[in-house]
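So the structure is just underneath, and the comments pick up after that.
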Amino acid sequence: MFGDIVKYDNPVLVSSNKDKFKGKTTPGKKNTLPPVDQKPGLTQTEDILNSIIPPREWTENGQLWVQYVSSTPATRLDVINLQEKLDQQLQQRQARETGICPVREQLYNFCFEELIRQVTINCAERGLLLLRIKDELIMRIAAYQTLYESAVAFGIRKALQTEQGKSEIEAHIGQLEGDVKDLERQVQEWKLKCEAIEKRENERREADAKKHKEEVAYLENYAKQLKQQLESFMVPGKKT
């Protein structure tokens, strides 16, 4: 268990089935276990330890057990064992080394509590100061986590908006491409019409030029004939 990192005393039996309230239960009220008695002969250090790390309570086979945090001073070997136990728990629980990991956060929290326990036994004021630092770190991590979740939600919203805007832009592009194709078709139609008109105009001009040329040739030929007739009339008159 994660809590094994923090050192506790042996469990103490607080009450059993024989210690239950005698007599009939009051209708509408639930049967509750008696309150946990304070550990007899508590010293000031033990009292501070219990306020920092509350005792663990559980019920087993109708018996209420309580386990107080240990007030035994820690040795150098205890600190080494704590480090080994932390590394072992991190590996067993497959805690992530980076990023937000609830498992790693909980394990380090228990390790910090054990360090606070060890320090408090030697100096209660120092332990309380460490507890204050721990609470501040927890609040700061919670604020960072809230900020991270807010940033992730913001990113998701922006991604959805971008995807929606992308679809709208793609639809608009498709519409514009359709308009371009329609305009290109109209340009091609007008181009064919212009070519047909230009062809008819060229044919008409050629026909007019040919007709004009024929008329000029006819008139020249007619003028030549008239000139010959005029000359034939004028020749006899000169001889007389």
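For the structure tokens, the naming scheme is as follows: chains receive sequential letters (A, B, ...) according to their order of presentation, residues are indexed from 1 within each chain, and ligands are indexed from 1 in presentation order.
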
Once you count only C-alpha atoms, what closest atom pair and distance in Å to one decimal does each residue of region 22-140 of chain A within 12 Å of region 147-154 of chain A have, with rows by chain and rising residue number, as a tab-separated table?
```
residue	atom	partner	partner_atom	distance
A:Gly99	CA	A:Tyr148	CA	10.6
A:Ile100	CA	A:Tyr148	CA	9.5
A:Arg140	CA	A:Leu147	CA	10.4
```

Please write the residues from the selection above to a file, keeping C-alpha atoms, as a CSV table (one decimal), in the first residue's frame.
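Saved as part-v5.csv:
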```csv
chain,number,residue,atom,x,y,z
A,99,GLY,CA,4.0,15.2,-16.8
A,100,ILE,CA,1.0,15.0,-14.5
A,140,ARG,CA,0.4,25.4,-6.3
```

Which residues of region 106-182 of chain A come within 8 Å of region 64-81 of chain A, and for each one, what is the closest pair of atoms and their distance in Å to one decimal, counting only C-alpha atoms, sorted by chain and residue number, as CSV?
```
residue,atom,partner,partner_atom,distance
A:Arg117,CA,A:Ser71,CA,7.7
A:Gln118,CA,A:Ala74,CA,5.7
A:Ile121,CA,A:Pro73,CA,6.2
A:Asn122,CA,A:Pro73,CA,7.4
```

- Query: Can you tell me, as a list in words, what residues are no more than 12 Å from region 88-93 of chain A when counting only C-alpha atoms, ignoring any on the same chain fewer than 2 positions away?
  - Reply: Met1, Phe2, Gly3, Asp4, Ile5, Asn81, Leu82, Gln83, Glu84, Lys85, Leu86, Ala95, Arg96, Glu97, Cys101, Pro102, Val103, Arg104, Glu105, Gln106, Leu107, Tyr108, Phe110 and Cys111 of chain A

Export, as a tab-separated table (two decimals), in the first residue's frame, the selected residues with N, CA and C atoms.
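Final output, saved to out.tsv:
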```tsv
chain	number	residue	atom	x	y	z
A	1	MET	N	0.85	-1.20	0.00
A	1	MET	CA	0.00	0.00	0.00
A	1	MET	C	0.88	1.25	0.00
A	2	PHE	N	0.29	2.35	-0.53
A	2	PHE	CA	1.03	3.61	-0.58
A	2	PHE	C	1.38	4.09	0.83
A	3	GLY	N	0.45	3.88	1.77
A	3	GLY	CA	0.65	4.38	3.12
A	3	GLY	C	1.78	3.70	3.86
A	4	ASP	N	2.29	2.57	3.35
A	4	ASP	CA	3.40	1.88	3.99
A	4	ASP	C	4.65	2.73	4.00
A	5	ILE	N	4.71	3.75	3.17
A	5	ILE	CA	5.89	4.63	3.16
A	5	ILE	C	5.99	5.39	4.47
A	81	ASN	N	16.26	3.40	3.72
A	81	ASN	CA	15.15	2.49	3.42
A	81	ASN	C	13.96	3.23	2.82
A	82	LEU	N	13.73	4.46	3.28
A	82	LEU	CA	12.63	5.27	2.73
A	82	LEU	C	12.87	5.55	1.25
A	83	GLN	N	14.10	5.90	0.91
A	83	GLN	CA	14.42	6.18	-0.50
A	83	GLN	C	14.25	4.92	-1.35
A	84	GLU	N	14.73	3.80	-0.85
A	84	GLU	CA	14.59	2.55	-1.60
A	84	GLU	C	13.12	2.16	-1.75
A	85	LYS	N	12.35	2.36	-0.68
A	85	LYS	CA	10.94	2.01	-0.74
A	85	LYS	C	10.19	2.92	-1.72
A	86	LEU	N	10.57	4.19	-1.77
A	86	LEU	CA	9.96	5.12	-2.72
A	86	LEU	C	10.26	4.70	-4.16
A	95	ALA	N	4.73	4.53	-12.26
A	95	ALA	CA	4.49	5.98	-12.27
A	95	ALA	C	5.26	6.63	-13.40
A	96	ARG	N	4.63	7.62	-14.04
A	96	ARG	CA	5.30	8.34	-15.11
A	96	ARG	C	6.38	9.25	-14.53
A	97	GLU	N	7.49	9.36	-15.28
A	97	GLU	CA	8.60	10.18	-14.80
A	97	GLU	C	8.37	11.66	-15.05
A	101	CYS	N	1.08	12.99	-13.06
A	101	CYS	CA	0.87	11.58	-12.75
A	101	CYS	C	0.34	11.49	-11.32
A	102	PRO	N	-0.93	11.13	-11.12
A	102	PRO	CA	-1.50	11.04	-9.76
A	102	PRO	C	-0.76	10.03	-8.88
A	103	VAL	N	-0.28	8.94	-9.47
A	103	VAL	CA	0.43	7.92	-8.69
A	103	VAL	C	1.73	8.49	-8.14
A	104	ARG	N	2.53	9.12	-9.00
A	104	ARG	CA	3.78	9.70	-8.56
A	104	ARG	C	3.55	10.81	-7.53
A	105	GLU	N	2.51	11.60	-7.77
A	105	GLU	CA	2.20	12.69	-6.83
A	105	GLU	C	1.84	12.13	-5.46
A	106	GLN	N	1.05	11.06	-5.42
A	106	GLN	CA	0.65	10.48	-4.14
A	106	GLN	C	1.83	9.84	-3.41
A	107	LEU	N	2.70	9.16	-4.16
A	107	LEU	CA	3.86	8.53	-3.53
A	107	LEU	C	4.80	9.57	-2.92
A	108	TYR	N	5.06	10.63	-3.66
A	108	TYR	CA	5.93	11.69	-3.13
A	108	TYR	C	5.26	12.41	-1.96
A	110	PHE	N	3.30	10.91	0.29
A	110	PHE	CA	3.54	10.05	1.44
A	110	PHE	C	5.01	10.15	1.91
A	111	CYS	N	5.93	10.23	0.95
A	111	CYS	CA	7.34	10.35	1.31
A	111	CYS	C	7.60	11.66	2.05
```

Pairwise distance, CA of Glu125 (chain A) with CA of Ile48 (chain A), equals 9.6 Å

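Here the strand (DSSP E or B) residues in region 26-136 of chain A, by DSSP on the backbone, are Arg56, Glu57, Trp58, Thr59, Glu60, Gln63, Leu64, Trp65, Val66, Gln67 and Val69 of chain A.
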
Take the residues from that selection and write them out as a compact mmCIF listing (two decimals), in the first residue's frame, keeping N, CA and C atoms.
```
# COMPACT_ATOMS: atom_id res chain seq x y z
N ARG A 56 -4.92 6.36 11.45
CA ARG A 56 -5.74 5.59 10.52
C ARG A 56 -6.74 4.74 11.31
N GLU A 57 -7.97 4.70 10.85
CA GLU A 57 -9.02 3.94 11.52
C GLU A 57 -9.69 3.02 10.52
N TRP A 58 -10.05 1.83 10.93
CA TRP A 58 -10.80 0.90 10.09
C TRP A 58 -11.53 -0.11 10.97
N THR A 59 -12.54 -0.70 10.40
CA THR A 59 -13.35 -1.70 11.10
C THR A 59 -13.13 -3.05 10.46
N GLU A 60 -12.87 -4.05 11.30
CA GLU A 60 -12.61 -5.40 10.81
C GLU A 60 -13.31 -6.38 11.74
N GLN A 63 -14.83 -4.95 14.74
CA GLN A 63 -13.91 -4.36 15.70
C GLN A 63 -13.27 -3.10 15.10
N LEU A 64 -13.20 -2.08 15.91
CA LEU A 64 -12.62 -0.81 15.48
C LEU A 64 -11.16 -0.77 15.86
N TRP A 65 -10.32 -0.59 14.85
CA TRP A 65 -8.88 -0.51 15.06
C TRP A 65 -8.40 0.89 14.71
N VAL A 66 -7.35 1.32 15.41
CA VAL A 66 -6.74 2.61 15.15
C VAL A 66 -5.22 2.42 15.15
N GLN A 67 -4.56 3.16 14.27
CA GLN A 67 -3.11 3.05 14.13
C GLN A 67 -2.53 4.46 14.12
N VAL A 69 0.57 7.31 14.04
CA VAL A 69 1.86 7.48 13.38
C VAL A 69 2.97 7.29 14.41
```

re CA of Thr43 (chain A) and CA of Thr120 (chain A): distance 12.5 Å

Worksheet item: What residues in region 52-226 of chain A get the DSSP label helix (DSSP H, G or I)? Please answer as JSON, numbers by chain.
Response: {"A": [52, 76, 77, 78, 79, 80, 81, 82, 83, 84, 85, 86, 87, 88, 89, 90, 91, 92, 102, 103, 104, 105, 106, 107, 108, 109, 110, 111, 112, 113, 114, 115, 116, 117, 118, 119, 120, 121, 122, 124, 125, 126, 127, 128, 129, 130, 131, 132, 133, 134, 135, 136, 137, 138, 139, 140, 141, 142, 143, 144, 145, 146, 147, 148, 149, 150, 151, 152, 153, 154, 155, 156, 157, 158, 159, 160, 161, 162, 163, 164, 165, 166, 167, 168, 169, 170, 171, 172, 173, 174, 175, 176, 177, 178, 179, 180, 181, 182, 183, 184, 185, 186, 187, 188, 189, 190, 191, 192, 193, 194, 195, 196, 197, 198, 199, 200, 201, 202, 203, 204, 205, 206, 207, 208, 209, 210, 211, 212, 213, 214, 215, 216, 217, 218, 219, 220, 221, 222, 223, 224, 225, 226]}

Pairwise distance, CA of Arg132 (chain A) with CA of Thr45 (chain A), equals 16.9 Å
